[in-house]
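To be precise, the following lines are upload00.cif, and they hold mmCIF, C-alpha atoms.
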data_model
loop_
_atom_site.group_PDB
_atom_site.id
_atom_site.type_symbol
_atom_site.label_atom_id
_atom_site.label_comp_id
_atom_site.auth_asym_id
_atom_site.auth_seq_id
_atom_site.Cartn_x
_atom_site.Cartn_y
_atom_site.Cartn_z
ATOM 1 C CA MET A 130 -31.891 -12.951 10.610
ATOM 2 C CA GLU A 131 -30.429 -13.093 14.077
ATOM 3 C CA SER A 132 -29.403 -9.934 15.883
ATOM 4 C CA ASN A 133 -26.084 -9.424 17.593
ATOM 5 C CA GLU A 134 -27.508 -6.820 19.954
ATOM 6 C CA PHE A 135 -27.633 -9.211 22.913
ATOM 7 C CA ASP A 136 -24.074 -10.402 22.292
ATOM 8 C CA ASP A 137 -22.792 -6.830 22.098
ATOM 9 C CA ASP A 138 -24.513 -5.939 25.365
ATOM 10 C CA PHE A 139 -23.067 -8.988 27.062
ATOM 11 C CA GLU A 140 -19.611 -8.182 25.704
ATOM 12 C CA ASP A 141 -19.645 -4.725 27.300
ATOM 13 C CA ALA A 142 -21.349 -5.742 30.525
ATOM 14 C CA GLU A 143 -19.587 -5.758 33.852
ATOM 15 C CA PRO A 144 -19.141 -9.077 35.629
ATOM 16 C CA THR A 145 -20.997 -9.522 38.892
ATOM 17 C CA SER A 146 -17.950 -9.609 41.165
ATOM 18 C CA PHE A 147 -17.004 -7.747 44.289
ATOM 19 C CA ARG A 148 -15.478 -4.335 43.716
ATOM 20 C CA TRP A 149 -14.062 -1.995 46.308
ATOM 21 C CA PRO A 150 -16.600 0.816 46.903
ATOM 22 C CA ILE A 151 -13.892 3.494 46.944
ATOM 23 C CA GLY A 152 -14.127 6.094 44.209
ATOM 24 C CA TRP A 153 -12.955 9.624 43.659
ATOM 25 C CA SER A 154 -15.535 11.086 46.030
ATOM 26 C CA VAL A 155 -14.247 8.908 48.868
ATOM 27 C CA MET A 156 -10.615 9.729 48.043
ATOM 28 C CA LEU A 157 -11.405 13.440 47.966
ATOM 29 C CA ALA A 158 -13.007 13.092 51.384
ATOM 30 C CA ILE A 159 -9.942 11.219 52.682
ATOM 31 C CA GLY A 160 -7.651 13.859 51.214
ATOM 32 C CA LEU A 161 -9.700 16.626 52.828
ATOM 33 C CA ALA A 162 -9.548 14.787 56.152
ATOM 34 C CA ALA A 163 -5.748 14.482 55.824
ATOM 35 C CA TYR A 164 -5.545 18.218 55.183
ATOM 36 C CA GLU A 165 -7.734 19.035 58.182
ATOM 37 C CA ILE A 166 -5.701 16.761 60.470
ATOM 38 C CA THR A 167 -2.226 17.841 59.333
ATOM 39 C CA VAL A 168 -3.149 21.405 58.273
ATOM 40 C CA GLN A 169 -0.861 20.824 55.268
ATOM 41 C CA PRO A 170 -2.367 20.665 51.755
ATOM 42 C CA ARG A 171 0.543 18.557 50.483
ATOM 43 C CA TRP A 172 -0.654 15.446 52.311
ATOM 44 C CA GLY A 173 -4.201 15.838 51.059
ATOM 45 C CA ILE A 174 -3.008 16.280 47.457
ATOM 46 C CA ALA A 175 -0.580 13.351 47.543
ATOM 47 C CA LEU A 176 -3.116 11.018 49.181
ATOM 48 C CA THR A 177 -6.009 11.917 46.875
ATOM 49 C CA CYS A 178 -3.915 11.472 43.721
ATOM 50 C CA THR A 179 -3.017 7.885 44.644
ATOM 51 C CA LYS A 180 -6.450 6.915 43.276
ATOM 52 C CA ILE A 181 -4.964 7.380 39.787
ATOM 53 C CA MET A 182 -2.634 4.434 40.378
ATOM 54 C CA TRP A 183 -5.052 1.817 41.724
ATOM 55 C CA SER A 184 -6.361 0.343 38.486
ATOM 56 C CA ASP A 185 -2.889 -0.188 36.984
ATOM 57 C CA LEU A 186 -1.524 -1.696 40.209
ATOM 58 C CA ALA A 187 -4.448 -4.134 40.446
ATOM 59 C CA THR A 188 -4.012 -5.106 36.777
ATOM 60 C CA GLY A 189 -0.282 -5.643 37.270
ATOM 61 C CA LEU A 190 -0.830 -7.956 40.244
ATOM 62 C CA TRP A 191 -3.419 -9.894 38.228
ATOM 63 C CA TRP A 192 -1.007 -10.225 35.285
ATOM 64 C CA LEU A 193 1.789 -11.523 37.516
ATOM 65 C CA ARG A 194 -0.534 -14.044 39.146
ATOM 66 C CA ARG A 195 -2.083 -15.346 35.915
ATOM 67 C CA ASP A 196 0.952 -15.427 33.610
ATOM 68 C CA PRO A 197 2.702 -18.826 33.612
ATOM 69 C CA TRP A 198 5.788 -17.234 32.046
ATOM 70 C CA ARG A 199 7.299 -15.612 35.119
ATOM 71 C CA GLN A 200 9.688 -13.256 33.305
ATOM 72 C CA ARG A 201 6.902 -11.841 31.170
ATOM 73 C CA GLY A 202 4.724 -11.440 34.248
ATOM 74 C CA VAL A 203 7.462 -9.543 36.089
ATOM 75 C CA CYS A 204 8.017 -7.304 33.057
ATOM 76 C CA GLY A 205 4.268 -6.751 32.798
ATOM 77 C CA ILE A 206 3.699 -5.731 36.403
ATOM 78 C CA THR A 207 6.750 -3.456 36.292
ATOM 79 C CA LEU A 208 5.467 -1.764 33.138
ATOM 80 C CA LEU A 209 2.080 -1.181 34.734
ATOM 81 C CA VAL A 210 3.725 0.161 37.882
ATOM 82 C CA ILE A 211 5.660 2.547 35.630
ATOM 83 C CA ARG A 212 2.412 3.631 33.955
ATOM 84 C CA ALA A 213 0.762 4.192 37.336
ATOM 85 C CA THR A 214 3.782 6.072 38.674
ATOM 86 C CA ALA A 215 4.019 8.244 35.560
ATOM 87 C CA LYS A 216 0.351 9.213 35.895
ATOM 88 C CA TYR A 217 0.892 10.028 39.551
ATOM 89 C CA ALA A 218 4.051 12.036 38.879
ATOM 90 C CA PHE A 219 2.624 14.085 36.027
ATOM 91 C CA THR A 220 -0.515 14.826 38.049
ATOM 92 C CA LEU A 221 1.523 16.090 41.001
ATOM 93 C CA VAL A 222 3.816 18.160 38.791
ATOM 94 C CA ALA A 223 0.795 19.672 37.022
ATOM 95 C CA THR A 224 -0.705 20.487 40.429
ATOM 96 C CA ALA A 225 2.548 22.168 41.475
ATOM 97 C CA LEU A 226 2.577 24.251 38.285
ATOM 98 C CA LEU A 227 -1.043 25.237 38.936
ATOM 99 C CA MET A 228 -0.039 26.346 42.432
ATOM 100 C CA SER A 229 2.723 28.470 40.924
ATOM 101 C CA ALA A 230 0.194 30.126 38.627
ATOM 102 C CA PHE A 231 -1.964 31.016 41.616
ATOM 103 C CA GLU A 232 1.057 32.345 43.464
ATOM 104 C CA ASP A 233 1.824 34.663 40.560
ATOM 105 C CA ARG A 234 -1.711 36.010 40.857
ATOM 106 C CA GLY A 235 -1.240 36.866 44.489
ATOM 107 C CA GLN A 236 -2.939 33.802 45.980
ATOM 108 C CA LYS A 237 0.068 32.393 47.760
ATOM 109 C CA PHE A 238 0.171 28.709 48.670
ATOM 110 C CA GLU A 239 2.515 27.232 51.237
ATOM 111 C CA GLU A 240 6.008 26.874 49.809
ATOM 112 C CA THR A 241 6.267 23.477 51.492
ATOM 113 C CA THR A 242 3.270 22.295 49.470
ATOM 114 C CA LEU A 243 4.829 23.366 46.177
ATOM 115 C CA GLY A 244 8.223 21.884 47.084
ATOM 116 C CA PHE A 245 6.728 18.631 48.343
ATOM 117 C CA THR A 246 4.654 18.195 45.203
ATOM 118 C CA PHE A 247 7.648 18.754 42.946
ATOM 119 C CA LEU A 248 9.788 16.436 45.088
ATOM 120 C CA VAL A 249 7.319 13.551 44.928
ATOM 121 C CA GLY A 250 6.799 14.104 41.222
ATOM 122 C CA ALA A 251 10.543 14.162 40.537
ATOM 123 C CA PHE A 252 11.106 11.033 42.625
ATOM 124 C CA SER A 253 8.355 9.249 40.674
ATOM 125 C CA LEU A 254 9.972 10.218 37.377
ATOM 126 C CA VAL A 255 13.358 8.903 38.543
ATOM 127 C CA PHE A 256 11.703 5.641 39.573
ATOM 128 C CA TRP A 257 10.064 5.478 36.142
ATOM 129 C CA MET A 258 13.433 5.774 34.402
ATOM 130 C CA VAL A 259 15.319 3.307 36.635
ATOM 131 C CA SER A 260 12.573 0.665 36.391
ATOM 132 C CA GLY A 261 12.873 0.763 32.618
ATOM 133 C CA LEU A 262 16.494 -0.354 32.874
ATOM 134 C CA PHE A 263 15.380 -3.398 34.881
ATOM 135 C CA ILE A 264 12.707 -4.287 32.324
ATOM 136 C CA THR A 265 15.119 -3.857 29.422
ATOM 137 C CA PHE A 266 17.687 -6.197 30.988
ATOM 138 C CA LEU A 267 15.097 -8.826 31.945
ATOM 139 C CA ALA A 268 13.336 -8.717 28.560
ATOM 140 C CA VAL A 269 16.596 -9.034 26.604
ATOM 141 C CA MET A 270 17.878 -11.894 28.759
ATOM 142 C CA GLY A 271 14.532 -13.730 28.768
ATOM 143 C CA ARG A 272 13.639 -12.986 25.113
ATOM 144 C CA VAL A 273 10.385 -11.375 26.200
ATOM 145 C CA ARG A 274 8.473 -9.082 23.871
ATOM 146 C CA LEU A 275 6.327 -6.463 25.556
ATOM 147 C CA TRP A 276 2.791 -5.397 24.745
ATOM 148 C CA VAL A 277 0.673 -3.171 27.002
ATOM 149 C CA ASP A 278 -2.574 -1.543 25.913
ATOM 150 C CA SER A 279 -5.851 -0.299 27.327
ATOM 151 C CA SER A 280 -7.552 -3.705 27.068
ATOM 152 C CA LEU A 281 -5.604 -5.141 30.031
ATOM 153 C CA THR A 282 -7.968 -3.593 32.573
ATOM 154 C CA ARG A 283 -10.960 -5.186 30.895
ATOM 155 C CA ALA A 284 -9.116 -8.516 30.742
ATOM 156 C CA ARG A 285 -8.515 -8.302 34.503
ATOM 157 C CA VAL A 286 -12.163 -7.540 35.213
ATOM 158 C CA TRP A 287 -13.239 -10.551 33.166
ATOM 159 C CA ASP A 288 -10.206 -12.645 34.168
ATOM 160 C CA GLU A 289 -9.353 -13.366 30.515
ATOM 161 C CA PHE A 290 -5.807 -14.565 30.002
ATOM 162 C CA PRO A 291 -4.118 -14.076 27.638
ATOM 163 C CA PRO A 292 -5.838 -10.714 27.026
ATOM 164 C CA ILE A 293 -7.642 -9.902 23.805
ATOM 165 C CA CYS A 294 -5.649 -6.852 22.747
ATOM 166 C CA ARG A 295 -7.527 -4.139 20.892
ATOM 167 C CA GLY A 296 -5.526 -0.959 21.448
ATOM 168 C CA TRP A 297 -2.088 0.305 20.506
ATOM 169 C CA ASN A 298 1.127 -0.758 22.200
ATOM 170 C CA GLN A 299 2.052 1.667 24.975
ATOM 171 C CA ALA A 300 5.253 -0.131 25.974
ATOM 172 C CA ILE A 301 7.545 2.018 23.819
ATOM 173 C CA TRP A 302 6.170 5.190 25.449
ATOM 174 C CA LEU A 303 6.385 3.721 28.937
ATOM 175 C CA LEU A 304 10.084 3.062 28.363
ATOM 176 C CA LEU A 305 10.732 6.430 26.705
ATOM 177 C CA GLY A 306 11.826 7.987 29.997
ATOM 178 C CA THR A 307 14.490 5.316 30.399
ATOM 179 C CA ARG A 308 15.769 5.819 26.864
ATOM 180 C CA ILE A 309 16.021 9.578 27.455
ATOM 181 C CA ALA A 310 17.826 9.009 30.765
ATOM 182 C CA GLU A 311 20.277 6.634 29.057
ATOM 183 C CA TRP A 312 20.987 9.222 26.379
ATOM 184 C CA ILE A 313 21.571 12.017 28.924
ATOM 185 C CA VAL A 314 23.907 9.844 31.016
ATOM 186 C CA GLY A 315 25.740 8.714 27.890
ATOM 187 C CA VAL A 316 26.218 12.285 26.651
ATOM 188 C CA CYS A 317 27.573 13.398 30.032
ATOM 189 C CA PHE A 318 29.921 10.408 30.120
ATOM 190 C CA PHE A 319 31.263 11.079 26.636
ATOM 191 C CA TRP A 320 31.888 14.749 27.396
ATOM 192 C CA ALA A 321 33.647 13.763 30.639
ATOM 193 C CA MET A 322 35.856 11.312 28.749
ATOM 194 C CA ALA A 323 36.743 13.931 26.137
ATOM 195 C CA ASP A 324 37.659 16.368 28.884
ATOM 196 C CA ARG A 325 39.581 13.728 30.845
ATOM 197 C CA PHE A 326 41.907 12.993 27.904
ATOM 198 C CA ASN A 327 42.234 16.692 26.992
ATOM 199 C CA MET A 328 40.951 16.224 23.459
ATOM 200 C CA SER A 329 40.988 19.218 21.165
ATOM 201 C CA LEU A 330 37.616 20.759 20.363
ATOM 202 C CA PRO A 331 37.295 19.250 16.832
ATOM 203 C CA LEU A 332 38.455 15.831 18.041
ATOM 204 C CA GLY A 333 36.211 15.976 21.081
ATOM 205 C CA MET A 334 33.192 16.911 18.956
ATOM 206 C CA ALA A 335 33.903 14.072 16.522
ATOM 207 C CA PHE A 336 34.334 11.631 19.415
ATOM 208 C CA ASN A 337 31.019 12.664 20.948
ATOM 209 C CA VAL A 338 29.101 12.580 17.670
ATOM 210 C CA ILE A 339 30.323 9.049 16.894
ATOM 211 C CA ASP A 340 29.480 7.856 20.410
ATOM 212 C CA TRP A 341 26.036 9.474 20.294
ATOM 213 C CA ILE A 342 25.294 7.701 17.012
ATOM 214 C CA LEU A 343 26.435 4.371 18.469
ATOM 215 C CA LEU A 344 24.339 4.947 21.597
ATOM 216 C CA LEU A 345 21.194 5.790 19.634
ATOM 217 C CA THR A 346 21.754 2.827 17.318
ATOM 218 C CA GLY A 347 22.060 0.509 20.315
ATOM 219 C CA GLN A 348 18.882 1.914 21.845
ATOM 220 C CA ILE A 349 16.968 1.384 18.611
ATOM 221 C CA ILE A 350 18.212 -2.204 18.296
ATOM 222 C CA VAL A 351 17.300 -3.019 21.911
ATOM 223 C CA SER A 352 13.877 -1.376 21.613
ATOM 224 C CA ARG A 353 13.072 -3.337 18.460
ATOM 225 C CA ARG A 354 14.196 -6.486 20.276
ATOM 226 C CA ILE A 355 11.883 -6.100 23.282
ATOM 227 C CA ILE A 356 8.876 -4.144 21.934
ATOM 228 C CA ALA A 357 6.260 -6.339 20.269
ATOM 229 C CA ARG A 358 5.044 -5.162 16.883
ATOM 230 C CA SER A 359 1.777 -7.038 17.289
ATOM 231 C CA PRO A 360 -0.089 -8.684 20.191
ATOM 232 C CA GLU A 361 0.770 -12.099 18.765
ATOM 233 C CA GLN A 362 4.484 -11.492 19.354
ATOM 234 C CA CYS A 363 3.752 -11.084 23.052
ATOM 235 C CA TRP A 364 0.810 -13.431 23.615
ATOM 236 C CA GLY A 365 0.838 -15.702 20.561
ATOM 237 C CA THR A 366 2.136 -19.206 19.973
ATOM 238 C CA GLY A 367 5.723 -18.013 20.134
ATOM 239 C CA SER A 368 5.389 -17.162 23.826
ATOM 240 C CA ARG A 369 5.592 -19.633 26.669
ATOM 241 C CA LEU A 370 1.896 -20.061 27.451
#

Represent the structure from my file as structure tokens, please.
Amino acid sequence: MESNEFDDDFEDAEPTSFRWPIGWSVMLAIGLAAYEITVQPRWGIALTCTKIMWSDLATGLWWLRRDPWRQRGVCGITLLVIRATAKYAFTLVATALLMSAFEDRGQKFEETTLGFTFLVGAFSLVFWMVSGLFITFLAVMGRVRLWVDSSLTRARVWDEFPPICRGWNQAIWLLLGTRIAEWIVGVCFFWAMADRFNMSLPLGMAFNVIDWILLLTGQIIVSRRIIARSPEQCWGTGSRL
């Protein structure tokens, strides 16, 4: 009986291709150098944390280059940029919260460091939300269904297109920030409209509840329209390969 041990080893092996010899140790050294030069921890933190984004950015560029369906490729690279930006933002915000904890214990950090970290993190989150609006519009207009999982990095390393998807679809979570932003903007708009027309409190509440239900219903319909339920809906015969 033949063994599949060799095949399994080959499946998990790394291809013999050039890879940039820049890892976390190098980025930590670069971040430390930035701190020593500027005497400001914020630059060292922001520069070191960019390493989190590299893999997703490289995968997104590969997807855009290899995908013959341009709209799907643009949606794909934007989704991966969102994933990279979200990682970067949450890391910086977590670092800022950690600084605050140290400050409470009497080990005071520079206020500019804390403010800068929060500012970059907040800007990244805003970018995350706005980019989702672009993807939603492009996917609806181009009839693109989105699927992003952890196997894309491996597909890039092996240059396998379309990817062999093995994980769960992360697209709905990557667009969650946009859906939340849409809901917040919609709620504020509805309240402003109720106030503008001087609606009574019961009428204003009824108006807002109905509009909130319509908004959530529309979001659900759009999400079901653009989020693939299976890899085949994104990469299968129904797509423009």

Distance of CA of Met258 (chain A) from CA of Ile309 (chain A), expressed in Å to one decimal place: 8.3 Å

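Proximity to Thr207 (chain A) was assessed for A:Ile355, A:Ile342, A:Ala323, A:Leu190 counting only C-alpha atoms; the smallest distance is recorded for A:Leu190.
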
Let me make sure I understand: among A:Ala223, A:Ile211, A:Ile293, A:Leu275, which one has the smallest atom-to-atom distance to Val255 (chain A) if we use all atoms listed in the file? A:Ile211

For CA of Trp297 (chain A) and CA of Ala357 (chain A), quote the distance in Å rounded to one decimal.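 Separation of CA of Trp297 (chain A) and CA of Ala357 (chain A): 10.7 Å.
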
Mind pulling up the distance from CA of Val316 (chain A) to CA of Met328 (chain A)?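 Answer for the CA of Met328 (chain A) to CA of Val316 (chain A) separation: 15.6 Å.
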
Considering all atoms listed in the file, state which residue in the set A:Ala175, A:Arg354, A:Leu304, A:Glu361 is at the smallest distance from Met270 (chain A).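 Ranking A:Ala175, A:Arg354, A:Leu304, A:Glu361 by distance to Met270 (chain A), first place goes to A:Arg354.
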
Within 8 Å of region 278-289 of chain A, counting all atoms listed in the file, which residues show up once you throw out same-chain ones fewer than 6 positions away? Write them as a list of chain:residue names, please.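 After dropping sequence-adjacent residues, the list is A:Glu143, A:Pro144, A:Ser184, A:Asp185, A:Thr188, A:Trp191, A:Trp192, A:Arg295, A:Gly296, A:Trp297, A:Asn298, A:Gln299, A:Ala300.
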
Picked residues, the PyMOL selection byres ((chain A and resi 274) around 7), as a VMD selection string: chain A and resid 268 272 to 273 275 to 276 355 to 357 362 to 363

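Across A:Ile174, A:Leu344, A:Ile313, A:Arg308, the tightest approach to Phe247 (chain A) is made by A:Ile174 when counting only C-alpha atoms.
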
Which neighbours of Tyr217 (chain A) fall inside 9 Å, counting only C-alpha atoms, when residues of the same chain fewer than 3 positions from it are skipped, and could you give them as a list in words? Ala175, Cys178, Thr179, Lys180, Ile181, Met182, Arg212, Ala213, Thr214, Thr220, Leu221, Val222, Gly250 and Ser253 of chain A

Counting only C-alpha atoms, which residue out of A:Trp172, A:Phe336, A:Phe290, A:Phe318 sits closest to Pro197 (chain A)?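 Comparing A:Trp172, A:Phe336, A:Phe290, A:Phe318 against Pro197 (chain A), the winner is A:Phe290.
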